[in-house]
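Here's the structure, in structure tokens; my notes come after.
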Amino acid sequence: MNGVHVRLRVGGESYAFAVENVLEVAELGDVAPVPGSDECVLGVSNLHGEVMPVFDLASVFGISREGAAQRLLVVEHDGRHAALAIDEVVDVAELPAPTEETESALLHGAALDHGELVGMVDVASLFRTLAGDDS
Amino acid sequence: MTDEPEFLDIFRDEANERLDNMVDTLLALESGRAGPEALDSLFRDAHTIKGGAGMLGLDDARSLAHAIEDVLGSVREAGEFPAQLADPLLRATDALRRHVEGESEGTPDLLEELAARRAGVVGDVAAPAEETPEPQASGLVERRAIRVPAHKIDRLLDLVGETVLHRRRLEHALGGERIAGDVGLSGELDSGERLFEELRDAAIQMRTLPISTITGALPRAVRDIAATEGKDVELVVSGEETELDRVILESLSEPLAHLLRNAIGHGIESAQERERAGKPAHGTVELRAEQRGGLVEIVVADDGRGVPKNVLKQAERGGSLADVLARPGFSTADEVTELSGRGVGLDAVKRYVESFGGSFEAYSEPGKGTQIVLVLPLALALLEVLLVERGRQAFGVPLAAVEEAVTAEDSLQLEGTVALELRGRSIPLGDLAELIGGAAPPLGDRAPAIVVSSGGRRIAALCDRLLGQEEVVVKPLGPLLRSVEGYLGGAILGDGRIALLLDPAALTRAKPQARKRATTAAPAAVERRAPKVLVVEDSYTVRALQRSILEAAGYRVETARDGREGLDRVLSDNEIDLVITDLEMPEMDGVELTKAIRARTERPSLPVVVVTSHSGDDDRRRGVEAGADAYIVKRAFDQQALLDIVERLVGR
């Protein structure tokens with residue numbers, strides 16, 4: 001699980017996505033809410049002429065945040081795309097393999113990098129959760 | 001032999017086409033309807049399939065086609081087709097189809113049976129030559145068609161859709177006034193629009209296929225089902241040339257077969273029962289397809305006994321017949337037959353139709369028969385919608401499902417729920433935001449409501465304002481939001497905003513909540529002598545829409561269906577303050593109407609607004625020369641533009 005990762009911050013915590021799963025980082029523009037959807041769904045956004053579902057990553061991870069999300073991280077897995085609302089992207093860098101176990105099924109584990117704990121996101125598991133077919 | 005998959009595809013296409021043809025011909029032979037060329041045609045089809053299968057190394061298919069060919073050869077020599085041969089040959093075509101699709105192994109039993117049948121025909125003498133000379137040029141040469149992978153056509157249609165968006169964005173960026181003020185610019189935009197429309201139609205035609213591509217197998221299916229039921233039923237198919245989106249068409253066979261099974265199993269009575277009721281002994285099931293604008297209507301009607309009276313009563317009490325029949329597990333059959341063991345299953349058909357944003361309707365008359373109507377979009381990617389705004393969000397509702405727009409003044413409270421009283425009908429009324437489970441700031445006092453109907457149910461949804469009518473490209477919300485119900489997808493508007501496209505079926509099922517602030521009935525109608533507008537338009541939808549928009553803005557509205565009717569109204573009603581007319585109409589068109597108003601009425605200066613679907617300079621010139629005061633293009637039809645013009649002309 002080591003390799004180049006995109007490290008981001010959401011609600012004061014650090015998470016990382018493998019760089020091959022990240023399509024782009026964009027401004028969080030207008031998001032049209034989709035009534036009736038899960039509470040972690042912020043809505044849909046017009047991203048380069050496509051209708052992109054936008055998820056609140058803080059809500060997905062069950063963490064609270066101060067202030068609104070600022071950026072969108074567009075991730076891809078198995079041909080499916082999702083935009084995740086985050087606070088900011090910290091850097092794109094090589095991260096060590098996760099050494100710490102975590103309780104979240106959405107993470108491979110956590111890596112310790114310069115004294116900071118970074119949650120390594122399991123993209124396959126994240127997409128299963130987002131699609132609502134986690135079991 | 002070659003292993004090119006392309007050739008295999010071409011072969012399959014052709015073989016399936018020829019097999020369809022064989023089935024039709026066999027059915028015709030069996031019923032004695034076939035012409036003298038029927039046997040030759042059968043023989044040719046079997047022979048061509050044999051040749052193709054041999055070339056591609058499909059040995060099972062080749063052997064079976066060969067066996068069929070042998071039987072037919074013998075029949076040809078004997079000079080007569082014995083009717084009892086139809087059944088084994090039909091089974092053989094079924095098996096051959098499975099071979100061709102690569103779905104089954106060899107069929108030694110069938111080969112043996114065919115050999116025996118052939119022996120029966122000729123007494124096993126004079127076996128025909130092993131290789132019969134080619135009766136005609138191969139079908140591969142005859143057909144001048146190119147195979148294009150489906151996804152490439154879909155990509156093309158997507159791009160056409162993008163062009164629509166680009167067009168809207170461009171118009172938005174330029175601004176209506178600037179376009180109107182620059183003749184050169186508007187001319188270029190107009191010719192671009194014409195090109196675009198042609199391109200779109202051409203692309204849609206590639207995306208669609210005639211319904212005949214799936215109805216070919218149905219007479220056979222009906223024959224088999226009726227035989228199982230011991231009934232005599234004829235299927236009459238009409239409108240097979242009607243085109244439908246390939247994606248819809250591909251999955252239409254099953255629901256159609258279902259409806260036909262119901263019609264035969266539950267609808268059509270036994271021959272004795274029919275005779276007792278004074279009907280012809282053989283029942284008729286009609287399958288009719290017809291295009292209506294951007295929609296295709298498919299009707300399955302039988303002349304059977306109709307649904308039981310208690311079911312009709314139930315339908316009167318609760319919603320609609322379509323709803324009652326489509327209740328999961330519902331069955332009208334007194335006894336459960338082999339065919340309908342799991343109830344009518346109309347719920348599946350209804351779900352199918354609704355998944356494409358279509359609607360499902362049912363009508364029945366005791367003793368006369370039952371009629372099921374499926375309304376489907378012609379092409380999935382483009383949808384004509386009415387855009388509305390609620391809580392600063394835009395929503396689109398398929399225009400086909402919008403009956404009208406009204407102001408909610410005339411609402412009344414019934415046992416806690418609010419209903420709208422409209423021409424004697426009471427329609428549930430709710431805040432659009434609440435109906436779809438969203439939140440929005442409180443509505444204004446004179447909020448417009450759109451009346452949406454689906455499957456016989458109606459609902460009036462209150463919104464902040466109507467944005468107008470637009471043809472949008474439907475984009476799916478994507479696999480991650482698949483489980484969210486109530487949306488047909490999303491559309492990106494000219495200004496970059498997203499409009500969620502609401503599913504009329506889900507919307508009309510929503511239960512309006514009791515409102516805390518009681519909606520009082522409108523204050524006693526104050527006769528303010530609101531200006532009266534005459535709408536002359538041959539399209540029901542456009543007429544209804546314009547009436548709605550104008551009434552919502554407080555005008556009194558009269559309508560007429562063509563120029564002649566319009567002129568009669570103008571001559572007989574002095575209160576009409578303004579005329580809005582379509583350009584192209586039967587009887588008397590908009591130009592003639594305008595000229596007639598100017599020349600033949602007592603009020604030659606009556607303001608006339610011409611609305612047309614064409615933006616060509618010619619039309620504009622014709623309208624202006626005839627003396628129209630203003631000109632609106634239907635495509636760019638937005639309610640504010642219409643209201644601005646009307647207001648300016650009647651000086652309100």
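Chain lettering (A, B, ...) mirrors the order of the structure tokens, residue numbering begins at 1 for each chain separately, and ligand numbering begins at 1 in order of display.
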Would you kindly return, as number ranges by chain, each protein, DNA or RNA residue with an atom no farther than 9 Å from any atom of Leu130 (chain A), considering only C-alpha atoms and excluding same-chain residues fewer than 2 positions away? A: 40-41, 55, 60, 82, 125-128, 132-134; B: 480-481
Prev. selection, C-alpha atoms, output as a short mmCIF file (atom, residue, chain, number, x, y, z; two decimals), in the first residue's frame:
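And here's part35.cif as it stands now:
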```cif
data_model
loop_
_atom_site.label_atom_id
_atom_site.label_comp_id
_atom_site.auth_asym_id
_atom_site.auth_seq_id
_atom_site.Cartn_x
_atom_site.Cartn_y
_atom_site.Cartn_z
CA CYS A 40 -23.54 12.03 3.02
CA VAL A 41 -24.66 13.06 -0.47
CA PHE A 55 -20.23 13.31 -1.32
CA VAL A 60 -18.75 9.52 5.14
CA ALA A 82 -17.30 10.39 -7.45
CA SER A 125 -14.56 -0.24 -0.01
CA LEU A 126 -15.33 3.49 -0.13
CA PHE A 127 -17.20 3.10 -3.45
CA ARG A 128 -19.18 0.18 -2.08
CA GLY A 132 -25.08 1.93 -0.66
CA ASP A 133 -24.31 -1.73 -1.36
CA ASP A 134 -21.96 -2.30 1.55
CA LEU B 480 -23.56 5.76 -7.03
CA LEU B 481 -26.95 7.47 -6.80
#
```
Chain B contacts to chain A at 7 Å (only C-alpha atoms) as number ranges by chain: B: 393, 436-438, 475, 477, 479-481, 484, 490, 496, 498
Residue set, chain A restricted to helix (DSSP H, G or I), as number ranges by chain: A: 19-21, 57-61, 123-130
Written selection (C-alpha atoms) as a compact mmCIF listing (two decimals), in the first residue's frame:
```txt
# COMPACT_ATOMS: atom_id res chain seq x y z
CA VAL A 19 -2.62 8.77 -6.85
CA GLU A 20 -3.91 6.42 -9.55
CA ASN A 21 -7.43 6.72 -8.11
CA LEU A 57 -16.16 13.02 2.95
CA ALA A 58 -16.39 14.21 6.56
CA SER A 59 -19.89 12.76 6.79
CA VAL A 60 -18.75 9.52 5.14
CA PHE A 61 -16.03 9.12 7.77
CA VAL A 123 -11.13 3.08 -2.55
CA ALA A 124 -12.96 -0.15 -3.43
CA SER A 125 -14.56 -0.24 -0.01
CA LEU A 126 -15.33 3.49 -0.13
CA PHE A 127 -17.20 3.10 -3.45
CA ARG A 128 -19.18 0.18 -2.08
CA THR A 129 -20.26 2.35 0.82
CA LEU A 130 -21.08 5.33 -1.41
```
Pick out each residue of region 282-492 of chain B that DSSP on the backbone tags as strand (DSSP E or B); I need them as JSON, numbers by chain. {"B": [283, 284, 285, 286, 287, 288, 289, 290, 291, 292, 295, 296, 297, 298, 299, 300, 301, 302, 359, 360, 361, 362, 363, 364, 365, 369, 370, 371, 372, 373, 374, 375, 376, 377, 382, 383, 384, 385, 386, 387, 388, 389, 390, 393, 394, 395, 396, 397, 398, 402, 403, 404, 405, 406, 407, 411, 412, 413, 414, 417, 418, 419, 420, 421, 422, 425, 426, 427, 428, 429, 430, 431, 448, 449, 450, 451, 452, 453, 454, 457, 458, 459, 460, 461, 462, 465, 466, 467, 468, 469, 470, 471, 472, 473, 475, 487, 488, 489, 490, 491, 492]}
Between CA of Gln640 (chain B) and CA of Ser191 (chain B) lies a distance of 25.0 Å
